[in-house]
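Working notes, beginning with the structure itself.
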Amino acid sequence: MTDHTNDAQSTVLVIGGGVGGIKAAMDLSEARKDVLLVDKAAAIGGLMTQLDRTFPTNNCDLCTISPHLSAGAREQHIELMPLTEVTALAGDAGDFTVTLTSAPRYIDLDKCTACGECHKQYPECVRFYPGLDHRAPTCMRYPQATPQAFSIDMAACKDVDALVKVCPAGAIVVDDQEKEVTRRVSSIILAVGAELFDPGKLDHFGHGRYPNVVTGLEYERIMSASGPTLGNLVRPSDGQAPKRVAWIQCAGSRGINREDVSYCSSVCCMYALKEAIVTKERFQDDIETTIFFMDMRTFGKDYEAYYQRAKEQYNIRMVRCRPHSIVPDPGGQEMRISYATDEVSGMTTENFDMVVLSTGFRPAAHTVQLAETLGIALNTHQFVQSNHFEPVVTSRPGIYVCGVSEGPKDIPETMVQASAAACMAARHTDKALHDVEENDEYPPERDVFGEAPRIGVFVCDCGQNIGGAMDVEALVQESAKYPHVVHAEMAGHGCGQEALARMRRMIEEKKLNRVVVGACSPRTHEGLFQENLRKAGLNKYLLEIANIRDQNAWVHGGARELATAKGKKLIRMAVGAVAQAGPLREHTLPMNKDVLVLGGGVAGMNSALSLGDQGYKVFLAERTGRLGGLAAVIRRNLEGDDVRVYVAQLVERVQAHDNIEVITNAIVVDHSGMPGKFQTGFQIGPRMYYRQIEHGATVLATGALAHRPNQYLLGRHKAVMTQLDLDDLIEAQPDRIKDWECMVMIQCVGSRTAENPNCSRICCQTAIKNALRLTDLNPEMRVFVLYRDMRTYGFSEDAYIEARRRGVIFVRYEAEKTPQVTADGDRVTVQFDDPILGRPMEVSADCLGLSTGLIADDETTEDLAAIFHLNRTEDGHFLEDHVKLKPLDMSVPGFFVAGTAHSPRSIAESIAQAQGVAGRIQGLLSQDVINLGAVVARVDRDKCATCLVCVRACPYNVPFINEDRYSEIDPAKCHGCGTCAAECPAKAIQLSCFEDAPIMAKLEGLLERIA
Amino acid sequence: MITAERKPLAEIIDYIDNCRRILLVGCNECVTVCAAGGRKEVAMLASAMQMDFMKRGKTVDIREMTLERQCEPEYVEELAPFIDQVDAVVSMACGCGVQEVVRRFRDKRVYPAVNTQFMGAAERPGVWAERCHGCGNCLLGLTGGICPIARCSKRLMNGPCGGSSKGKCEVSPEIDCVWQLIWDRLKELGIEDRYEEIILAKDWRTERGGGPRKIVREDLAQ
């Protein structure tokens, strides 16, 4: 019974294995919390695995995510249950009992090696997911699928016996049943994402009827190297390369018609731009790309620059219009679109080879069902209900939400919420449980120093995967003859549990001290075999893998003899290399578990509280004399909550918290160290004494500045104010405002300009927030909003609709022709062009509200970036490590960023980042020691010529000439990049794991020894 | 630092084409630092020589060694155990190193693999420039610390000449006019009146005019 209690106290259930679910699971696992990850699909990965490229870097999507997938499966704290759904839930936060129902896979995961024989011979029996890829049905959608195993559709199988025989691993389980288990978990994270809208429901676009009308996702599949056309861009109707491609934005979104939803899906503008840019990158002038849009919503960090590049560098044509329908051209395969623009009167008709519908997110029907099962509330759009100040908390305690299930959002925001949810969910688990040293389960490492190499060679045939292309038996016989080889054998499916156990037995019986595995890629399997060596008592660096699958079987399928000869050479190379390899020690240091949070605004305080609640000691350093930051001067958010009350409560909690030490008037002056062992020095006012703080991780939550550009009489006329001033005025002097007859707001003041090219993200919402409050006070007030693109993403679109319903007048202006403002006594006169009427307008306003947004606190971020060696964006915000997958980590390990120091964002988004940072730090600090890895550069002091080449070449400034007059490289700081080893003219530097001797031995194995 | 550049492979091969066993000796001092003859260059030249021999159907056995300083007899002595096993020595040290090997091993052919260049400094990684000519009577105290002998194409003692244009030397636009540099420096230091002082004709006997030079420190010489 004790076991069960433990189970309940330590396990977090993560529902949904998309990027968000995987991220949450990985963060929890890093923090040494047990995770049960369930997904209703046969493989984890969700929507992201179907994309081709990711904005804004245009990197390959699969390359970006797949290491996370396999890592997700390997993590020792993650238990993965594919094909599984939650069917019942009982209990309360801290002790839930959950019922899980798993559909039969008809495949034994321990035995399946994903050799693909079943799929090759009986493709109809292999399960696949419709809508994804109708031309190449396969259940293993891409080579990196996790778990890497097929699944069988028994209903489609006519000859079960024959199918079973086809499997060389004997992995097919004919009588597999639906299984139901109950498990006790402490908390739950919901990360089920959403579906993409099926535009077939809209008859005017003809999706489903006309093959050349595809959705954005289908276009990604066509562009994807793992897609049905292997990445060749062709028109579905006839396989011809398209010359003209059009995108139609908001297909099914921001609408009022049947099947439309009112909200904005937030990501479609960016993905359409990305698809168009990637198309242009690949085909340049051969393809014309056109995007039909209403408002271009590139509101994310540096996304506006991406939009500008799309227009200017890639010549992507932007047409501001929402076309009504797509009709086939009677003449042929082309599709015809008629549209109207401001510039031309009447309709313009154009033909396109392909039309891409930018469809958005819809909550899946089963999500609604799941919400009922879990007893959590949904919002009016059927997404999971959350709270502005608690963005990942659902209506039921102990259940958290992240990603698109909470509302439309892009991958970085999903990752942020996932880390936040991991942080929140971990609160319900028992901390003390995992303080056991995990390596205890391994036997002590055998000391092989001084022993002559005794190499064991294990060669997989992997069913037909390797054995089909070469003579594995011959490889084994040949390898037995190589120097130092004392044992060689066929390993069958070497990565299977049985084969791994046999390998360990052989290591012991034959006293092997080095191992070569002839197998597939070390990319996917090195960790597995290394761990196996470690289990057998050998240092894990005494392994070498000969990649005879990817590098031989896959590329020489039709030439058995030659492939066998090459296989022999690959193994001889590995044998030569491993003979030269030695055991390596991974360097460690004790971990300091205190955290320094810089910045006492909403983000900093939330990070501090989340970490303090988890038992970490937090130093909260604020540059000014008070806590609260920018939010302290905000009165209401878009939802109408009282921000001041919230901030006051936060400040009170922070100041009363036992684990949080608040240091005000603190300015950072120096810094050194590494993750788990930082020292940061402060000058602390008012007397400016010096204090050094030791800490293990650092959070940058230093905020941003409210922009006050010298434009439109701001600061020179009392009727002109920023939205922030207006927000305060509405609260402070409602009686005065009541009498206003006319209000004008100008958007993008000081943003999206040459000086400050980025979008401030929040100003559109803020303008609408204030417009609604003004019309609350005086429904007769005339409110004009002069805008460039209304960027009310997600559910804030509802507020935009409400504002229009109330009669707020939105008039678009062009960047080239900004409104003109002149003083007129107590009032101001605003002149602007109405693009619909096509004529100038003049409005006399009681008040002019400028949407000025946020700008980076350039001075602060510049100083901190210099002291901490951090990267910044061009506009002075901190630059995260990876815009997509690591939006909270900085490129310097141990540093994290939250709030508006990252980019302009709302309070809710800042809080999610703050909590997400706490989740990331929890993982970093859960270890008691800092593992520095084994790949570090080492200097041979006798060879060093103190030439300074390494000192100059190191990108991280690690080597220095020490007192003993040779170059010293601190393993604690070395990143293992190898630049110094390559440059050293005295060959005094070797990079562990990549020493010259094994590499030369490898080459000698490949080539005849020269001389 | 003494700088050097590796000779073309063909020239080196020419010297040793009839040898079968070679001792290839680098130096861990100046030529390592200027990337001409350190351990890495030794390994690369050895590979290149072997490939060249193999391409012509011949073989050569090369032993690679790199001495701490090839211009010191104690370090050169480290070659002694191997010297009888080779037909020739190829040295990647400066001329000093080559000759020190020659002095020790009278009966062995020794060939240079680098062209020794000049005494210079690293202007930036990968770029070395001449700074000192070793004239034996340093003038830097008169010229703002910038040497007109090493760095003026004409070694003018009182420059510049008429070929100085926009701070560059007429020999090449890549070469700074050192007298411009000297003038700028004197001005920076606020001692431009020094420029007016004529430097008298130099006594070149301390350079090569007096024949090969030698330093004898009586207190140290054994």
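In the structure tokens, chains take letters A, B, ... by order of appearance, with residues numbered from 1 within each chain and ligands from 1 in the order shown.
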Discussion item. List the spatial neighbours of Ile548 of chain A as an MDAnalysis selection string - criterion: any atom at most 12 Å away, only C-alpha atoms, same-chain residues fewer than 6 positions off excluded.
Written reply: chainID A and resid 458:462 465:472 475 516:522 554:557 563:574
Once you have the residues from the selection above, write them out as a short mmCIF file (atom, residue, chain, number, x, y, z; two decimals), in the first residue's frame, restricted to N, CA and C atoms.
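In the end it all went to selection-v9.cif:
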data_model
loop_
_atom_site.label_atom_id
_atom_site.label_comp_id
_atom_site.auth_asym_id
_atom_site.auth_seq_id
_atom_site.Cartn_x
_atom_site.Cartn_y
_atom_site.Cartn_z
N PHE A 458 29.31 -6.66 -31.75
CA PHE A 458 27.94 -7.15 -31.87
C PHE A 458 27.32 -6.53 -33.12
N VAL A 459 26.88 -7.37 -34.05
CA VAL A 459 26.38 -6.82 -35.31
C VAL A 459 24.89 -7.15 -35.45
N CYS A 460 24.08 -6.10 -35.57
CA CYS A 460 22.63 -6.29 -35.72
C CYS A 460 22.31 -6.66 -37.17
N ASP A 461 21.28 -7.49 -37.35
CA ASP A 461 20.76 -7.61 -38.72
C ASP A 461 19.46 -6.83 -38.84
N CYS A 462 18.84 -6.55 -37.68
CA CYS A 462 17.65 -5.71 -37.66
C CYS A 462 16.61 -6.22 -38.65
N ASN A 465 16.26 -5.03 -42.34
CA ASN A 465 16.77 -3.66 -42.40
C ASN A 465 18.25 -3.58 -42.70
N ILE A 466 19.03 -4.47 -42.05
CA ILE A 466 20.46 -4.52 -42.33
C ILE A 466 20.77 -5.82 -43.06
N GLY A 467 20.24 -6.90 -42.52
CA GLY A 467 20.50 -8.23 -43.11
C GLY A 467 20.07 -8.33 -44.56
N GLY A 468 19.09 -7.53 -44.96
CA GLY A 468 18.62 -7.58 -46.34
C GLY A 468 19.61 -6.98 -47.32
N ALA A 469 20.48 -6.13 -46.81
CA ALA A 469 21.37 -5.40 -47.71
C ALA A 469 22.78 -5.95 -47.71
N MET A 470 23.14 -6.69 -46.65
CA MET A 470 24.52 -7.20 -46.60
C MET A 470 24.56 -8.52 -45.85
N ASP A 471 25.68 -9.20 -45.95
CA ASP A 471 25.84 -10.50 -45.32
C ASP A 471 26.38 -10.30 -43.90
N VAL A 472 25.48 -10.27 -42.94
CA VAL A 472 25.85 -9.95 -41.57
C VAL A 472 26.78 -11.02 -40.99
N LEU A 475 30.19 -10.34 -41.97
CA LEU A 475 30.70 -9.22 -41.20
C LEU A 475 31.24 -9.70 -39.85
N VAL A 516 32.00 -2.75 -29.70
CA VAL A 516 31.57 -2.17 -30.97
C VAL A 516 30.20 -2.73 -31.31
N VAL A 517 29.27 -1.87 -31.65
CA VAL A 517 27.97 -2.34 -32.10
C VAL A 517 27.80 -1.94 -33.56
N GLY A 518 27.58 -2.92 -34.42
CA GLY A 518 27.24 -2.63 -35.81
C GLY A 518 25.74 -2.50 -35.86
N ALA A 519 25.25 -1.27 -36.00
CA ALA A 519 23.81 -1.06 -35.81
C ALA A 519 23.37 0.13 -36.64
N CYS A 520 22.33 0.80 -36.13
CA CYS A 520 21.86 1.97 -36.85
C CYS A 520 22.55 3.21 -36.28
N SER A 521 21.92 4.34 -36.41
CA SER A 521 22.60 5.60 -36.15
C SER A 521 22.86 5.83 -34.67
N PRO A 522 24.05 6.31 -34.32
CA PRO A 522 24.29 6.73 -32.94
C PRO A 522 23.37 7.87 -32.54
N TRP A 554 20.92 1.49 -46.05
CA TRP A 554 19.94 2.41 -46.66
C TRP A 554 20.42 2.96 -47.99
N VAL A 555 21.73 3.06 -48.17
CA VAL A 555 22.21 3.70 -49.40
C VAL A 555 22.73 2.70 -50.44
N HIS A 556 22.91 1.44 -50.02
CA HIS A 556 23.44 0.46 -50.99
C HIS A 556 22.54 -0.77 -51.04
N GLY A 557 21.22 -0.51 -51.04
CA GLY A 557 20.26 -1.60 -50.98
C GLY A 557 20.44 -2.63 -52.09
N ALA A 563 28.07 -3.80 -50.47
CA ALA A 563 27.60 -3.35 -49.16
C ALA A 563 28.26 -4.17 -48.05
N THR A 564 28.44 -5.46 -48.29
CA THR A 564 29.10 -6.30 -47.29
C THR A 564 30.54 -5.84 -47.10
N ALA A 565 31.20 -5.55 -48.22
CA ALA A 565 32.59 -5.08 -48.12
C ALA A 565 32.66 -3.77 -47.36
N LYS A 566 31.72 -2.86 -47.64
CA LYS A 566 31.73 -1.58 -46.94
C LYS A 566 31.40 -1.78 -45.46
N GLY A 567 30.47 -2.68 -45.18
CA GLY A 567 30.11 -2.99 -43.80
C GLY A 567 31.32 -3.44 -43.01
N LYS A 568 32.14 -4.29 -43.64
CA LYS A 568 33.36 -4.76 -42.97
C LYS A 568 34.27 -3.58 -42.62
N LYS A 569 34.40 -2.69 -43.59
CA LYS A 569 35.28 -1.53 -43.34
C LYS A 569 34.73 -0.65 -42.23
N LEU A 570 33.41 -0.44 -42.22
CA LEU A 570 32.82 0.40 -41.18
C LEU A 570 33.10 -0.21 -39.81
N ILE A 571 33.01 -1.54 -39.73
CA ILE A 571 33.26 -2.19 -38.43
C ILE A 571 34.74 -2.13 -38.09
N ARG A 572 35.60 -2.29 -39.11
CA ARG A 572 37.04 -2.21 -38.84
C ARG A 572 37.40 -0.81 -38.31
N MET A 573 36.76 0.21 -38.89
CA MET A 573 36.99 1.58 -38.39
C MET A 573 36.61 1.69 -36.92
N ALA A 574 35.44 1.14 -36.60
CA ALA A 574 34.95 1.26 -35.23
C ALA A 574 35.86 0.50 -34.27
#
For chain A, which residues have at least one atom within 9 Å of chain B, if we go by only C-alpha atoms? Write them as a VMD selection string, please.
chain A and resid 942 to 949 952 to 953 983 to 988 1010 to 1011
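Take atom CA of Val90 of chain B and atom CA of Lys7 of chain B: the distance between them is 11.5 Å.
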Taking only C-alpha atoms into account, which of A:Ala697, A:Val356, A:Val647, A:Val597 comes nearest Val662 of chain A?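 With only C-alpha atoms as the atom set, the closest residue is A:Val597.
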Could you give me, as a PyMOL selection string, the residues within 10 Å of Ala480 of chain A, counting only C-alpha atoms and dropping anything in the same chain fewer than 4 positions from it? chain A and resi 455-457+475-476+484-489
| message | Using DSSP assignments from the backbone, pull out every residue in segment 44-178 of chain B that falls under strand (DSSP E or B) and give it to me as a PyMOL selection string. | response | chain B and resi 61-67+88-91+109-112+114-124+127-132+165+168-169+172-176
Go ahead and write the selection's residues with C-alpha atoms as a JSON list (two decimals), in the first residue's frame.
[["chain", "number", "residue", "atom", "x", "y", "z"],
["B", 61, "ASP", "CA", 59.18, 6.32, -43.73],
["B", 62, "ILE", "CA", 58.80, 9.53, -41.75],
["B", 63, "ARG", "CA", 59.42, 9.90, -38.05],
["B", 64, "GLU", "CA", 57.79, 13.06, -36.67],
["B", 65, "MET", "CA", 59.36, 14.88, -33.75],
["B", 66, "THR", "CA", 58.90, 18.37, -32.36],
["B", 67, "LEU", "CA", 61.58, 19.79, -30.09],
["B", 88, "ALA", "CA", 68.11, 12.73, -43.81],
["B", 89, "VAL", "CA", 66.64, 15.29, -41.44],
["B", 90, "VAL", "CA", 64.04, 17.79, -42.61],
["B", 91, "SER", "CA", 63.77, 20.69, -40.20],
["B", 109, "ARG", "CA", 72.10, 15.67, -44.44],
["B", 110, "VAL", "CA", 69.73, 18.33, -43.03],
["B", 111, "TYR", "CA", 67.26, 20.23, -45.18],
["B", 112, "PRO", "CA", 65.07, 23.22, -44.36],
["B", 114, "VAL", "CA", 60.53, 26.57, -44.08],
["B", 115, "ASN", "CA", 61.69, 29.95, -45.30],
["B", 116, "THR", "CA", 62.68, 31.98, -42.28],
["B", 117, "GLN", "CA", 61.28, 35.46, -42.72],
["B", 118, "PHE", "CA", 61.75, 38.20, -40.18],
["B", 119, "MET", "CA", 61.40, 39.24, -36.60],
["B", 120, "GLY", "CA", 57.83, 40.34, -36.26],
["B", 121, "ALA", "CA", 54.66, 40.56, -34.24],
["B", 122, "ALA", "CA", 51.17, 39.16, -34.66],
["B", 123, "GLU", "CA", 49.05, 42.07, -35.84],
["B", 124, "ARG", "CA", 45.98, 39.88, -35.53],
["B", 127, "VAL", "CA", 48.85, 38.03, -39.73],
["B", 128, "TRP", "CA", 52.48, 38.71, -38.82],
["B", 129, "ALA", "CA", 54.38, 41.85, -39.74],
["B", 130, "GLU", "CA", 58.04, 42.82, -39.62],
["B", 131, "ARG", "CA", 58.96, 44.94, -36.63],
["B", 132, "CYS", "CA", 62.70, 44.60, -35.98],
["B", 165, "SER", "CA", 51.33, 59.48, -50.13],
["B", 168, "LYS", "CA", 51.13, 54.89, -47.57],
["B", 169, "CYS", "CA", 54.43, 53.84, -49.10],
["B", 172, "SER", "CA", 52.76, 49.17, -52.11],
["B", 173, "PRO", "CA", 49.50, 50.63, -50.88],
["B", 174, "GLU", "CA", 49.51, 47.76, -48.35],
["B", 175, "ILE", "CA", 52.54, 49.27, -46.60],
["B", 176, "ASP", "CA", 52.11, 52.11, -44.15]]
Identify, on the basis of only C-alpha atoms, every residue whose closest approach to Ala803 of chain A does not exceed 9 Å; exclude the query and any residue fewer than 5 positions from it along the same chain; express the result as a PyMOL selection string.
chain A and resi 768-769+771-772+775+798+808-809
Would you list, as a PyMOL selection string, the residues of segment 4-212 of chain B that end up in alpha helix (DSSP H) under DSSP run on this structure's backbone? chain B and resi 9-16+30-33+39-55+73-76+80-83+95-104+148-151+178-189
Residues from last step as file, C-alpha atoms, as a compact mmCIF listing (two decimals), in the first residue's frame:
# COMPACT_ATOMS: atom_id res chain seq x y z
CA LEU B 9 56.12 20.88 -51.17
CA ALA B 10 57.90 20.34 -54.51
CA GLU B 11 61.05 22.04 -53.23
CA ILE B 12 61.11 19.92 -50.08
CA ILE B 13 60.49 16.74 -52.07
CA ASP B 14 63.32 17.70 -54.40
CA TYR B 15 65.77 17.63 -51.50
CA ILE B 16 64.75 14.22 -50.18
CA CYS B 30 58.46 30.74 -32.77
CA VAL B 31 57.55 28.57 -35.75
CA THR B 32 54.75 26.94 -33.75
CA VAL B 33 53.35 30.31 -32.84
CA ARG B 39 53.53 19.80 -34.18
CA LYS B 40 50.48 20.34 -36.35
CA GLU B 41 52.49 21.57 -39.36
CA VAL B 42 54.87 18.64 -38.90
CA ALA B 43 51.97 16.17 -39.05
CA MET B 44 50.48 17.89 -42.07
CA LEU B 45 53.79 18.00 -43.97
CA ALA B 46 54.45 14.34 -43.14
CA SER B 47 51.09 13.36 -44.60
CA ALA B 48 51.64 15.52 -47.65
CA MET B 49 55.08 14.03 -48.26
CA GLN B 50 53.77 10.49 -47.89
CA MET B 51 50.93 11.14 -50.26
CA ASP B 52 53.34 12.63 -52.76
CA PHE B 53 55.59 9.56 -52.57
CA MET B 54 52.68 7.14 -52.84
CA LYS B 55 51.27 8.93 -55.84
CA PRO B 73 71.90 21.84 -28.06
CA GLU B 74 70.22 20.03 -25.15
CA TYR B 75 66.93 19.80 -27.01
CA VAL B 76 68.63 18.85 -30.28
CA ALA B 80 70.37 11.37 -31.18
CA PRO B 81 68.67 8.00 -30.57
CA PHE B 82 66.94 8.18 -33.94
CA ILE B 83 69.47 9.89 -36.14
CA GLY B 95 67.47 28.79 -39.89
CA CYS B 96 68.90 28.82 -36.37
CA GLY B 97 67.30 25.48 -35.62
CA VAL B 98 68.36 23.93 -38.90
CA GLN B 99 71.96 24.92 -38.30
CA GLU B 100 71.95 23.70 -34.71
CA VAL B 101 70.94 20.25 -35.97
CA VAL B 102 73.70 20.48 -38.59
CA ARG B 103 76.25 21.42 -35.92
CA ARG B 104 75.34 18.42 -33.77
CA PRO B 148 62.29 53.14 -39.58
CA ILE B 149 64.93 50.51 -40.33
CA ALA B 150 62.58 47.55 -40.19
CA ARG B 151 59.55 49.32 -41.51
CA VAL B 178 56.50 54.43 -41.29
CA TRP B 179 57.52 58.07 -41.17
CA GLN B 180 53.85 59.01 -41.22
CA LEU B 181 53.37 56.62 -38.30
CA ILE B 182 56.33 58.12 -36.49
CA TRP B 183 55.01 61.65 -37.04
CA ASP B 184 51.53 60.71 -35.83
CA ARG B 185 53.00 59.08 -32.78
CA LEU B 186 55.21 62.04 -31.92
CA LYS B 187 52.21 64.30 -32.23
CA GLU B 188 50.14 62.05 -29.98
CA LEU B 189 52.87 62.27 -27.40
Work out how far apart atom CA of Tyr210 of chain A and atom CA of Arg244 of chain A are and give it in Å to one decimal.
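Going from atom CA of Tyr210 of chain A over to atom CA of Arg244 of chain A covers 16.0 Å.
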Test item: residues at most 10 Å from Asn158 of chain B, only C-alpha atoms, excluding those fewer than 2 positions along its chain, as a list in words: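 Skipping anything fewer than 2 positions along the chain leaves Thr143, Pro148, Arg155, Leu156, Pro160, Cys161, Trp179, Tyr195, Glu196, Glu197, Ile198, Ile199, Leu200 and Ala201 of chain B.
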May I have the residues from that selection written out with N, CA and C atoms, as a short mmCIF file (atom, residue, chain, number, x, y, z; two decimals), in the first residue's frame?
data_model
loop_
_atom_site.label_atom_id
_atom_site.label_comp_id
_atom_site.auth_asym_id
_atom_site.auth_seq_id
_atom_site.Cartn_x
_atom_site.Cartn_y
_atom_site.Cartn_z
N THR B 143 62.57 57.66 -32.32
CA THR B 143 61.54 57.67 -33.37
C THR B 143 60.17 57.34 -32.82
N PRO B 148 62.20 52.81 -38.16
CA PRO B 148 62.29 53.14 -39.58
C PRO B 148 63.20 52.16 -40.34
N ARG B 155 64.72 52.27 -45.52
CA ARG B 155 65.44 52.39 -44.25
C ARG B 155 65.91 53.82 -44.03
N LEU B 156 65.08 54.78 -44.39
CA LEU B 156 65.47 56.17 -44.22
C LEU B 156 65.57 56.51 -42.74
N PRO B 160 59.81 61.48 -44.11
CA PRO B 160 59.64 60.51 -45.21
C PRO B 160 60.29 61.00 -46.49
N CYS B 161 60.23 60.13 -47.50
CA CYS B 161 60.73 60.51 -48.81
C CYS B 161 59.56 61.01 -49.64
N TRP B 179 57.26 56.71 -41.64
CA TRP B 179 57.52 58.07 -41.17
C TRP B 179 56.22 58.81 -40.88
N TYR B 195 60.98 65.66 -34.07
CA TYR B 195 61.08 65.35 -35.49
C TYR B 195 62.14 66.19 -36.17
N GLU B 196 62.30 67.39 -35.63
CA GLU B 196 63.27 68.30 -36.23
C GLU B 196 64.71 67.83 -36.02
N GLU B 197 64.95 67.02 -35.01
CA GLU B 197 66.31 66.57 -34.73
C GLU B 197 66.76 65.59 -35.80
N ILE B 198 67.86 65.90 -36.43
CA ILE B 198 68.37 65.04 -37.50
C ILE B 198 69.07 63.83 -36.89
N ILE B 199 68.71 62.66 -37.38
CA ILE B 199 69.41 61.46 -36.93
C ILE B 199 70.63 61.30 -37.83
N LEU B 200 71.76 61.19 -37.20
CA LEU B 200 73.01 61.16 -37.98
C LEU B 200 73.16 59.81 -38.67
N ALA B 201 74.06 59.76 -39.62
CA ALA B 201 74.30 58.53 -40.37
C ALA B 201 74.56 57.38 -39.41
#
Got a sec: who's within 8 Å of segment 288-293 of chain A, counting only C-alpha atoms, leaving out chain neighbours fewer than 3 positions off, as a short mmCIF file (atom, residue, chain, number, x, y, z; two decimals) with N, CA and C atoms, in the first residue's frame?
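out_6.cif, freshly written:
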data_model
loop_
_atom_site.label_atom_id
_atom_site.label_comp_id
_atom_site.auth_asym_id
_atom_site.auth_seq_id
_atom_site.Cartn_x
_atom_site.Cartn_y
_atom_site.Cartn_z
N LYS A 243 2.71 27.76 -60.75
CA LYS A 243 3.39 29.03 -61.05
C LYS A 243 2.84 30.16 -60.17
N ARG A 244 1.58 30.02 -59.81
CA ARG A 244 0.95 31.07 -59.00
C ARG A 244 0.21 30.42 -57.84
N VAL A 245 0.61 30.79 -56.63
CA VAL A 245 -0.03 30.24 -55.45
C VAL A 245 -0.62 31.38 -54.63
N ALA A 246 -1.84 31.19 -54.16
CA ALA A 246 -2.47 32.21 -53.32
C ALA A 246 -2.83 31.62 -51.97
N TRP A 247 -2.73 32.45 -50.95
CA TRP A 247 -3.19 32.08 -49.61
C TRP A 247 -4.41 32.93 -49.27
N ILE A 248 -5.42 32.31 -48.69
CA ILE A 248 -6.55 33.09 -48.17
C ILE A 248 -6.56 32.94 -46.66
N GLN A 249 -6.39 34.08 -45.98
CA GLN A 249 -6.31 34.07 -44.52
C GLN A 249 -7.70 33.96 -43.91
N CYS A 250 -7.70 33.61 -42.62
CA CYS A 250 -8.93 33.59 -41.82
C CYS A 250 -10.00 32.67 -42.41
N ALA A 272 1.27 31.42 -42.96
CA ALA A 272 1.11 31.72 -44.38
C ALA A 272 2.34 32.44 -44.92
N LEU A 273 2.85 33.41 -44.13
CA LEU A 273 4.07 34.11 -44.54
C LEU A 273 5.22 33.12 -44.67
N ALA A 276 4.85 31.00 -47.74
CA ALA A 276 5.16 31.79 -48.93
C ALA A 276 6.66 32.05 -49.05
N LYS A 280 9.21 30.80 -51.87
CA LYS A 280 10.06 31.73 -52.62
C LYS A 280 11.53 31.35 -52.51
N ASP A 285 11.96 33.22 -58.53
CA ASP A 285 11.04 33.92 -59.42
C ASP A 285 10.13 32.99 -60.21
N MET A 296 -2.83 41.92 -41.03
CA MET A 296 -1.67 41.06 -40.91
C MET A 296 -1.24 41.04 -39.46
N ILE A 316 6.67 38.93 -51.80
CA ILE A 316 5.38 38.28 -51.64
C ILE A 316 4.30 39.35 -51.70
N ARG A 317 3.35 39.13 -52.58
CA ARG A 317 2.32 40.15 -52.81
C ARG A 317 1.27 40.05 -51.72
N MET A 318 0.96 41.17 -51.09
CA MET A 318 -0.03 41.18 -50.03
C MET A 318 -1.27 41.91 -50.55
N VAL A 319 -2.40 41.25 -50.51
CA VAL A 319 -3.64 41.89 -50.96
C VAL A 319 -4.60 41.95 -49.79
N ARG A 320 -4.97 43.17 -49.40
CA ARG A 320 -5.86 43.31 -48.25
C ARG A 320 -7.30 43.14 -48.70
N CYS A 321 -7.75 41.92 -48.64
CA CYS A 321 -9.13 41.62 -49.01
C CYS A 321 -9.43 40.20 -48.59
N ARG A 322 -10.68 39.98 -48.18
CA ARG A 322 -11.08 38.61 -47.87
C ARG A 322 -11.96 38.14 -49.02
N PRO A 323 -11.43 37.37 -49.94
CA PRO A 323 -12.22 36.97 -51.11
C PRO A 323 -13.41 36.13 -50.67
#
In Å, how far is it from atom CA of Tyr400 of chain A to atom CA of Thr49 of chain A?
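Distance reported for this atom pair: 23.9 Å.
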>> Can you tell me which residues surround Gly604 of chain A at a distance of at most 12 Å, considering only C-alpha atoms, apart from same-chain residues fewer than 4 positions away, and format the answer as a PyMOL selection string?
In response: chain A and resi 595-600+608-612+618-623+627-631+647+650-651+654+660+662+698-703+896-901+907+910-918
